[in-house]
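Reproduced below: query06.txt, with compact mmCIF, C-alpha atoms.
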# COMPACT_ATOMS: atom_id res chain seq x y z
CA MET J 1 -9.59 126.62 -99.78
CA LYS J 2 -11.32 123.32 -99.04
CA VAL J 3 -14.56 123.20 -101.02
CA ILE J 4 -15.44 119.64 -99.95
CA GLU J 5 -14.34 117.84 -96.82
CA ALA J 6 -15.38 114.47 -95.40
CA GLN J 7 -14.44 113.50 -91.85
CA GLY J 8 -14.98 109.95 -90.60
CA LEU J 9 -17.65 109.38 -93.25
CA SER J 10 -19.36 106.01 -92.82
CA TYR J 11 -22.54 104.60 -94.28
CA THR J 12 -24.32 101.27 -93.83
CA TYR J 13 -26.88 99.90 -96.27
CA ALA J 14 -30.31 98.77 -95.06
CA ASP J 15 -29.18 95.14 -95.26
CA GLY J 16 -26.43 95.86 -92.72
CA SER J 17 -23.47 95.83 -95.12
CA ASP J 18 -20.95 98.66 -94.82
CA ALA J 19 -20.62 100.88 -97.89
CA LEU J 20 -18.20 103.47 -96.44
CA LYS J 21 -15.93 103.07 -93.44
CA GLY J 22 -14.36 106.17 -91.92
CA VAL J 23 -13.53 108.04 -95.12
CA ASN J 24 -11.49 111.23 -94.71
CA LEU J 25 -11.19 113.32 -97.86
CA ALA J 26 -10.39 116.94 -98.65
CA VAL J 27 -10.94 118.60 -102.02
CA GLU J 28 -9.32 121.97 -102.61
CA GLU J 29 -10.72 124.60 -104.93
CA GLY J 30 -9.51 123.92 -108.47
CA ASP J 31 -8.67 120.25 -107.84
CA PHE J 32 -9.31 117.54 -110.44
CA ILE J 33 -9.33 114.34 -108.39
CA GLY J 34 -10.07 110.82 -109.53
CA ILE J 35 -11.60 108.22 -107.21
CA LEU J 36 -10.46 104.84 -108.51
CA GLY J 37 -12.20 101.70 -107.41
CA ALA J 38 -13.63 98.41 -108.62
CA ASN J 39 -17.38 97.89 -108.83
CA GLY J 40 -18.84 97.80 -105.33
CA SER J 41 -15.98 99.77 -103.78
CA GLY J 42 -18.29 102.58 -102.60
CA LYS J 43 -17.56 105.24 -105.23
CA THR J 44 -21.17 106.11 -106.08
CA THR J 45 -22.25 106.02 -102.43
CA LEU J 46 -19.43 108.40 -101.54
CA LEU J 47 -20.50 110.89 -104.22
CA GLN J 48 -24.13 110.70 -103.10
CA CYS J 49 -23.15 111.39 -99.49
CA LEU J 50 -21.03 114.37 -100.56
CA ASP J 51 -23.93 115.72 -102.64
CA GLY J 52 -26.48 115.34 -99.86
CA ILE J 53 -28.57 112.74 -101.68
CA ILE J 54 -27.75 110.34 -98.84
CA ARG J 55 -27.99 112.09 -95.48
CA ASN J 56 -28.25 109.34 -92.87
CA PHE J 57 -24.50 108.76 -92.81
CA LYS J 58 -22.18 108.90 -89.81
CA GLY J 59 -19.41 111.47 -89.66
CA PHE J 60 -19.34 114.85 -91.34
CA VAL J 61 -19.42 116.34 -94.83
CA PHE J 62 -18.72 120.03 -95.37
CA ILE J 63 -19.33 122.03 -98.53
CA GLU J 64 -17.33 125.26 -98.49
CA GLY J 65 -17.16 124.92 -94.70
CA LYS J 66 -20.89 124.31 -94.18
CA ASP J 67 -22.34 121.07 -92.80
CA VAL J 68 -24.19 119.35 -95.68
CA LYS J 69 -26.82 117.98 -93.27
CA LYS J 70 -27.78 121.52 -92.32
CA LEU J 71 -28.09 122.72 -95.91
CA SER J 72 -31.29 122.50 -97.93
CA PRO J 73 -31.17 120.76 -101.33
CA ARG J 74 -31.43 124.17 -102.98
CA GLU J 75 -28.44 125.46 -101.00
CA ILE J 76 -26.41 122.40 -101.98
CA TYR J 77 -27.35 122.56 -105.64
CA SER J 78 -26.51 126.25 -105.84
CA ARG J 79 -22.92 125.27 -105.04
CA MET J 80 -22.39 121.77 -106.40
CA GLY J 81 -23.93 119.19 -108.70
CA LEU J 82 -23.67 115.46 -109.38
CA VAL J 83 -23.58 114.02 -112.91
CA PHE J 84 -25.03 110.50 -112.86
CA GLN J 85 -23.38 107.58 -114.63
CA ASN J 86 -26.43 107.09 -116.88
CA PRO J 87 -27.51 110.42 -118.41
CA ASP J 88 -31.01 109.05 -119.06
CA ASP J 89 -31.50 109.12 -115.29
CA GLN J 90 -30.87 112.86 -115.31
CA LEU J 91 -32.31 114.27 -118.54
CA PHE J 92 -36.07 114.69 -118.79
CA ALA J 93 -37.03 117.61 -121.07
CA GLY J 94 -37.99 117.31 -124.72
CA THR J 95 -35.12 119.31 -126.19
CA LEU J 96 -31.56 120.13 -125.20
CA ILE J 97 -32.27 123.83 -124.63
CA GLU J 98 -35.28 123.06 -122.42
CA ASP J 99 -33.28 120.69 -120.26
CA VAL J 100 -30.31 123.00 -119.78
CA ALA J 101 -32.61 125.97 -119.11
CA PHE J 102 -34.63 124.16 -116.43
CA GLY J 103 -32.15 124.70 -113.60
CA PRO J 104 -31.43 128.43 -114.01
CA THR J 105 -35.13 129.11 -114.69
CA ASN J 106 -36.10 127.50 -111.38
CA MET J 107 -33.35 129.46 -109.64
CA GLY J 108 -35.29 132.60 -110.52
CA PHE J 109 -33.15 134.16 -113.24
CA ASN J 110 -34.90 136.28 -115.86
CA LYS J 111 -35.26 135.11 -119.47
CA GLU J 112 -32.26 137.08 -120.70
CA GLU J 113 -29.99 135.69 -118.00
CA VAL J 114 -31.26 132.13 -118.56
CA ALA J 115 -30.64 132.44 -122.30
CA ALA J 116 -27.11 133.74 -121.72
CA ARG J 117 -26.33 130.97 -119.24
CA VAL J 118 -27.68 128.26 -121.56
CA GLU J 119 -25.71 129.59 -124.52
CA GLN J 120 -22.49 129.72 -122.51
CA ALA J 121 -23.01 126.27 -120.97
CA LEU J 122 -23.67 124.65 -124.36
CA SER J 123 -20.56 126.32 -125.72
CA ASP J 124 -18.52 125.11 -122.73
CA VAL J 125 -19.45 121.47 -123.43
CA GLU J 126 -19.17 121.88 -127.21
CA LEU J 127 -22.87 121.36 -127.93
CA ASP J 128 -23.54 124.80 -129.41
CA GLY J 129 -25.67 124.52 -132.52
CA LEU J 130 -27.72 121.64 -131.09
CA ALA J 131 -29.95 123.64 -128.73
CA GLY J 132 -33.22 122.68 -130.45
CA LYS J 133 -32.36 119.01 -130.89
CA SER J 134 -34.51 116.37 -129.21
CA ILE J 135 -32.88 114.77 -126.18
CA HIS J 136 -33.78 111.36 -127.60
CA HIS J 137 -31.81 112.10 -130.77
CA LEU J 138 -28.59 112.94 -128.96
CA SER J 139 -25.81 110.39 -128.86
CA PHE J 140 -24.91 108.83 -125.51
CA GLY J 141 -21.81 111.04 -125.29
CA GLN J 142 -23.83 114.15 -126.14
CA LYS J 143 -26.32 113.25 -123.41
CA LYS J 144 -23.47 113.12 -120.89
CA ARG J 145 -22.34 116.55 -122.04
CA ALA J 146 -25.92 117.82 -121.77
CA CYS J 147 -25.99 116.79 -118.10
CA ILE J 148 -22.80 118.76 -117.47
CA ALA J 149 -24.23 121.76 -119.32
CA GLY J 150 -27.30 121.73 -117.09
CA LEU J 151 -25.12 122.08 -114.00
CA LEU J 152 -22.86 124.71 -115.52
CA ALA J 153 -25.91 126.78 -116.49
CA MET J 154 -26.90 126.84 -112.82
CA GLY J 155 -23.51 128.32 -111.98
CA HIS J 156 -21.94 125.20 -110.46
CA ARG J 157 -18.19 125.32 -110.17
CA ILE J 158 -17.96 122.06 -108.19
CA LEU J 159 -18.83 118.95 -110.21
CA LEU J 160 -19.12 115.40 -108.90
CA MET J 161 -18.85 112.94 -111.78
CA ASP J 162 -19.95 109.31 -111.53
CA GLU J 163 -18.09 107.30 -114.19
CA PRO J 164 -18.24 110.03 -116.88
CA THR J 165 -16.53 107.80 -119.48
CA ALA J 166 -18.70 104.71 -118.88
CA GLY J 167 -20.47 103.51 -122.03
CA LEU J 168 -18.33 105.58 -124.38
CA ASP J 169 -16.08 104.25 -127.14
CA PRO J 170 -12.30 104.92 -126.82
CA MET J 171 -12.46 108.19 -128.75
CA GLY J 172 -15.50 109.27 -126.76
CA GLU J 173 -13.65 108.53 -123.52
CA TYR J 174 -10.71 110.64 -124.61
CA LYS J 175 -12.94 113.54 -125.70
CA MET J 176 -14.85 113.46 -122.42
CA MET J 177 -11.65 113.55 -120.36
CA LYS J 178 -10.26 116.33 -122.54
CA LEU J 179 -13.47 118.34 -122.00
CA LEU J 180 -13.33 117.87 -118.23
CA LYS J 181 -9.67 118.90 -118.18
CA LYS J 182 -10.57 122.03 -120.15
CA LEU J 183 -13.38 122.91 -117.74
CA ASN J 184 -11.02 122.38 -114.83
CA SER J 185 -8.16 124.40 -116.32
CA ASN J 186 -10.00 127.18 -118.15
CA GLY J 187 -13.30 127.35 -116.31
CA ASN J 188 -11.90 127.07 -112.78
CA THR J 189 -14.20 124.11 -112.15
CA THR J 190 -13.38 121.77 -109.27
CA ILE J 191 -14.00 118.14 -110.28
CA LEU J 192 -14.21 114.98 -108.21
CA MET J 193 -14.59 112.01 -110.55
CA ALA J 194 -15.34 108.37 -109.79
CA THR J 195 -13.85 106.04 -112.38
CA HIS J 196 -12.12 102.74 -113.06
CA SER J 197 -10.51 103.88 -116.35
CA VAL J 198 -6.91 103.54 -115.21
CA ASP J 199 -5.43 104.06 -118.68
CA LEU J 200 -6.86 107.57 -119.10
CA VAL J 201 -6.21 108.79 -115.56
CA PRO J 202 -2.45 109.55 -115.91
CA LEU J 203 -3.10 111.70 -118.98
CA PHE J 204 -5.43 114.13 -117.27
CA LEU J 205 -5.41 113.91 -113.46
CA ASN J 206 -2.67 114.64 -110.96
CA ASN J 207 -4.37 113.42 -107.80
CA LEU J 208 -5.91 110.00 -107.22
CA VAL J 209 -7.76 108.27 -104.40
CA ILE J 210 -7.97 104.47 -104.30
CA LEU J 211 -11.22 103.30 -102.71
CA SER J 212 -11.80 99.64 -101.83
CA ARG J 213 -14.49 98.08 -99.66
CA GLY J 214 -15.50 101.52 -98.47
CA ARG J 215 -12.03 102.59 -97.30
CA ILE J 216 -9.38 104.84 -98.80
CA HIS J 217 -6.33 102.62 -99.33
CA ARG J 218 -3.99 105.01 -101.09
CA GLN J 219 -3.88 108.63 -102.24
CA GLY J 220 -1.41 110.71 -104.22
CA THR J 221 -0.17 111.43 -107.73
CA PRO J 222 -0.61 108.75 -110.44
CA GLU J 223 3.09 107.88 -110.13
CA GLN J 224 2.77 107.43 -106.37
CA VAL J 225 -0.41 105.37 -106.63
CA PHE J 226 0.62 103.14 -109.50
CA ASN J 227 4.07 102.21 -108.19
CA ALA J 228 2.65 99.32 -106.16
CA PRO J 229 1.17 96.76 -108.60
CA GLU J 230 0.63 94.16 -105.89
CA GLU J 231 -1.50 96.60 -103.91
CA MET J 232 -3.47 97.52 -107.03
CA ASP J 233 -4.19 93.83 -107.58
CA SER J 234 -5.36 93.48 -103.98
CA VAL J 235 -8.04 96.16 -104.55
CA LYS J 236 -9.12 94.57 -107.88
CA LEU J 237 -7.53 97.23 -110.07
CA ARG J 238 -4.68 96.98 -112.53
CA LEU J 239 -1.87 99.24 -113.63
CA PRO J 240 -2.26 101.31 -116.80
CA GLN J 241 -1.30 99.06 -119.73
CA ILE J 242 1.90 101.01 -120.44
CA ALA J 243 2.98 100.77 -116.80
CA GLU J 244 2.17 97.06 -116.77
CA LEU J 245 4.39 96.49 -119.81
CA ILE J 246 7.35 98.40 -118.35
CA HIS J 247 6.91 96.71 -114.97
CA LYS J 248 7.18 93.28 -116.64
CA LEU J 249 10.19 94.35 -118.74
CA LYS J 250 11.87 95.51 -115.55
CA HIS J 251 11.06 92.63 -113.22
CA LYS J 252 10.78 89.67 -115.61
CA ASP J 253 13.22 90.60 -118.37
CA GLY J 254 15.82 92.44 -116.31
CA ILE J 255 15.65 95.71 -118.27
CA SER J 256 16.58 98.60 -115.99
CA PHE J 257 14.26 101.61 -115.71
CA ASP J 258 14.70 104.61 -113.44
CA ARG J 259 10.94 104.92 -113.07
CA ILE J 260 7.74 103.29 -114.27
CA PRO J 261 6.20 105.48 -117.01
CA LEU J 262 2.42 105.79 -117.13
CA THR J 263 1.81 107.18 -120.62
CA VAL J 264 2.93 106.31 -124.14
CA GLY J 265 5.03 109.47 -124.32
CA GLU J 266 6.84 108.73 -121.06
CA ALA J 267 7.41 105.09 -122.06
CA ARG J 268 8.81 106.13 -125.43
CA ARG J 269 11.34 108.45 -123.78
CA GLU J 270 12.40 105.76 -121.31
CA LEU J 271 12.79 103.13 -124.04
CA ILE J 272 14.80 105.51 -126.24
CA LYS J 273 17.17 106.09 -123.30
CA ARG J 274 17.73 102.35 -122.96
CA PHE J 275 18.07 101.84 -126.72
CA VAL J 276 20.60 104.66 -127.10
CA LYS J 277 22.67 103.33 -124.18
CA GLN J 278 22.82 99.86 -125.72
CA VAL J 279 23.78 101.20 -129.13

Go ahead and render the structure in this file as structure tokens.
Amino acid sequence: MKVIEAQGLSYTYADGSDALKGVNLAVEEGDFIGILGANGSGKTTLLQCLDGIIRNFKGFVFIEGKDVKKLSPREIYSRMGLVFQNPDDQLFAGTLIEDVAFGPTNMGFNKEEVAARVEQALSDVELDGLAGKSIHHLSFGQKKRACIAGLLAMGHRILLMDEPTAGLDPMGEYKMMKLLKKLNSNGNTTILMATHSVDLVPLFLNNLVILSRGRIHRQGTPEQVFNAPEEMDSVKLRLPQIAELIHKLKHKDGISFDRIPLTVGEARRELIKRFVKQV
């Protein structure tokens, strides 16, 4: 079932510049899709149109078959939520438990239900045990998880993520992606994620959209998307580092490869094949 669908989505900034140009996108229930694009490609604007924050766009956006322009903010947020790139733009309460409880409380749930939802959401994002901690004393990565917990506590099973790994160290990036993959796989959460972290994408996602200058240039699996380095360069993106290495070995050093691997594990297997053949 399509939970999000954009048809001919276009948006022009107040200064007359085009942010989105005829975007067509379908997100199925249970998808984990990455929107790859350089800064200024339109990723954040696209997410804000899908979430109903921006409404004066041309074209159509449907959430579970319903026109987003005809839905109230409450109706949208009961189905789907957006996690901002900077968690400090989203968190406002004094403590973690207060922030996560705000959404379900305002949705009208009783105290027992709110408490159960908060406990489960904090467990889902691996912040259990920190409920009483001040928001200001959380690490940047913990703040990002707190934002996700706030949406999960409201019952959201569709998450829009704006650069969830931005500002994190390499281990923090990996942990965040691992958490999102777990929510997607175990929690049946549909995730649409804007990012430019090309090295992490092949490890966790199986569907990518390349956005450049407000248009979708390419869509498919990581292997399908990353098999055209010249096109990636034209949209100001690069191949994953492993793929870049193998591509150069193949085209500059004449080493034959059946395919371009995207992860360390895949590259290791391909190199072992070549090494064994030569021996």

For segment 225-233 of chain J, take all atoms listed in the file, fit an axis-aligned box around them, add 4 Å to each of the six sides, then output centre and edge lengths in Å rounded to one decimal, as JSON.
{"center_x": -0.1, "center_y": 99.6, "center_z": -106.7, "size_x": 16.3, "size_y": 19.5, "size_z": 13.6}

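In this comparison, which uses only C-alpha atoms, the residue of J:Leu249, J:Met107, J:Ile191, J:Cys49 approaching Met161 of chain J most closely is J:Ile191.
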
Can you find the residues with an atom no farther than 9 Å from (-13.1, 106.3, -99.8), counting all atoms listed in the file, and report them as a PyMOL selection string?
chain J and resi 9+20-25+35+37+41-43+46+209-217

Selection export as a short mmCIF file (atom, residue, chain, number, x, y, z; two decimals), keeping the file's coordinate frame, atoms kept: C-alpha atoms:
data_model
loop_
_atom_site.label_atom_id
_atom_site.label_comp_id
_atom_site.auth_asym_id
_atom_site.auth_seq_id
_atom_site.Cartn_x
_atom_site.Cartn_y
_atom_site.Cartn_z
CA LEU J 9 -17.65 109.38 -93.25
CA LEU J 20 -18.20 103.47 -96.44
CA LYS J 21 -15.93 103.07 -93.44
CA GLY J 22 -14.36 106.17 -91.92
CA VAL J 23 -13.53 108.04 -95.12
CA ASN J 24 -11.49 111.23 -94.71
CA LEU J 25 -11.19 113.32 -97.86
CA ILE J 35 -11.60 108.22 -107.21
CA GLY J 37 -12.20 101.70 -107.41
CA SER J 41 -15.98 99.77 -103.78
CA GLY J 42 -18.29 102.58 -102.60
CA LYS J 43 -17.56 105.24 -105.23
CA LEU J 46 -19.43 108.40 -101.54
CA VAL J 209 -7.76 108.27 -104.40
CA ILE J 210 -7.97 104.47 -104.30
CA LEU J 211 -11.22 103.30 -102.71
CA SER J 212 -11.80 99.64 -101.83
CA ARG J 213 -14.49 98.08 -99.66
CA GLY J 214 -15.50 101.52 -98.47
CA ARG J 215 -12.03 102.59 -97.30
CA ILE J 216 -9.38 104.84 -98.80
CA HIS J 217 -6.33 102.62 -99.33
#

Excluding Leu179 of chain J and its own-chain neighbours fewer than 2 positions away, which residues fall within 12 Å of it when counting only C-alpha atoms? Please give them as a PyMOL selection string.
chain J and resi 123-127+141-142+144-145+148-149+164-165+172-177+181-187+189+191+204

Output C-alpha atoms for every residue in that selection, as an mmCIF file, keeping the file's coordinate frame.
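Ended up saving to result.cif:
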data_model
loop_
_atom_site.group_PDB
_atom_site.id
_atom_site.type_symbol
_atom_site.label_atom_id
_atom_site.label_comp_id
_atom_site.auth_asym_id
_atom_site.auth_seq_id
_atom_site.Cartn_x
_atom_site.Cartn_y
_atom_site.Cartn_z
ATOM 1 C CA SER J 123 -20.560 126.320 -125.720
ATOM 2 C CA ASP J 124 -18.520 125.110 -122.730
ATOM 3 C CA VAL J 125 -19.450 121.470 -123.430
ATOM 4 C CA GLU J 126 -19.170 121.880 -127.210
ATOM 5 C CA LEU J 127 -22.870 121.360 -127.930
ATOM 6 C CA GLY J 141 -21.810 111.040 -125.290
ATOM 7 C CA GLN J 142 -23.830 114.150 -126.140
ATOM 8 C CA LYS J 144 -23.470 113.120 -120.890
ATOM 9 C CA ARG J 145 -22.340 116.550 -122.040
ATOM 10 C CA ILE J 148 -22.800 118.760 -117.470
ATOM 11 C CA ALA J 149 -24.230 121.760 -119.320
ATOM 12 C CA PRO J 164 -18.240 110.030 -116.880
ATOM 13 C CA THR J 165 -16.530 107.800 -119.480
ATOM 14 C CA GLY J 172 -15.500 109.270 -126.760
ATOM 15 C CA GLU J 173 -13.650 108.530 -123.520
ATOM 16 C CA TYR J 174 -10.710 110.640 -124.610
ATOM 17 C CA LYS J 175 -12.940 113.540 -125.700
ATOM 18 C CA MET J 176 -14.850 113.460 -122.420
ATOM 19 C CA MET J 177 -11.650 113.550 -120.360
ATOM 20 C CA LYS J 181 -9.670 118.900 -118.180
ATOM 21 C CA LYS J 182 -10.570 122.030 -120.150
ATOM 22 C CA LEU J 183 -13.380 122.910 -117.740
ATOM 23 C CA ASN J 184 -11.020 122.380 -114.830
ATOM 24 C CA SER J 185 -8.160 124.400 -116.320
ATOM 25 C CA ASN J 186 -10.000 127.180 -118.150
ATOM 26 C CA GLY J 187 -13.300 127.350 -116.310
ATOM 27 C CA THR J 189 -14.200 124.110 -112.150
ATOM 28 C CA ILE J 191 -14.000 118.140 -110.280
ATOM 29 C CA PHE J 204 -5.430 114.130 -117.270
#

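Nearest residue to Leu82 of chain J among J:Ile272, J:Ala19, J:Leu151, J:Ile135 is J:Leu151, counting all atoms listed in the file.
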
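Shortest atom-to-atom contact with Glu98 of chain J among J:Ser134, J:Ser234, J:Asn86, J:Ser78: J:Ser134, counting all atoms listed in the file.
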
Write out as a ChimeraX atom specification each polymer residue whose atoms come within 12 Å of Gln48 of chain J, counting only C-alpha atoms; drop sequence neighbours fewer than 6 positions from it.
/J:9,11,19-20,42,54-57,61,68,76,80-85,160-162,192,194

Which distance in Å separates atom CA of Gly220 of chain J and atom CA of Val27 of chain J, to one decimal?
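Separating atom CA of Gly220 of chain J from atom CA of Val27 of chain J is a distance of 12.6 Å.
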
All residues 10 Å or closer to Pro73 of chain J, all atoms listed in the file, same chain fewer than 4 positions away omitted, as JSON, numbers by chain:
{"J": [51, 52, 53, 68, 69, 77, 78]}

Residue with the minimum atom-to-atom distance to Pro261 of chain J, picked from J:Val235, J:Leu91, J:Glu28, J:Asn227 with all atoms listed in the file counted, is J:Asn227

To one decimal place, how far is atom CA of Leu168 of chain J from atom CA of Gln120 of chain J in Å?
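A separation of 24.6 Å between them.
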
Separation of atom CA of Lys133 of chain J and atom CA of Leu159 of chain J, in Å?
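It comes out at 24.7 Å.
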
Option closest in space to Cys147 of chain J, from J:Phe92, J:Glu266, J:Ala38, J:Asp253 [counting all atoms listed in the file]:
J:Phe92

Given all atoms listed in the file as the basis, pick out the residue of J:Glu270, J:Ala26, J:Asn110, J:Gln241 nearest to Ile255 of chain J.
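Under the stated criterion, the closest residue is J:Glu270.
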
Which residues come within 10 Å of Asn206 of chain J, counting all atoms listed in the file, excluding same-chain residues fewer than 4 positions away, as a list of chain:residue names?
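So, after excluding close chain neighbours, the residues are J:Asp31, J:Phe32, J:Ile33, J:Gly34, J:Val201, J:Pro202, J:Gly220, J:Thr221, J:Pro222, J:Glu223.
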
Residues near Val198 of chain J, anyone? I mean within 8 Å using all atoms listed in the file, not counting same-chain ones fewer than 5 positions away, as a list of chain:residue names.
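So, after excluding close chain neighbours, the residues are J:Leu36, J:Arg238, J:Leu239, J:Pro240.
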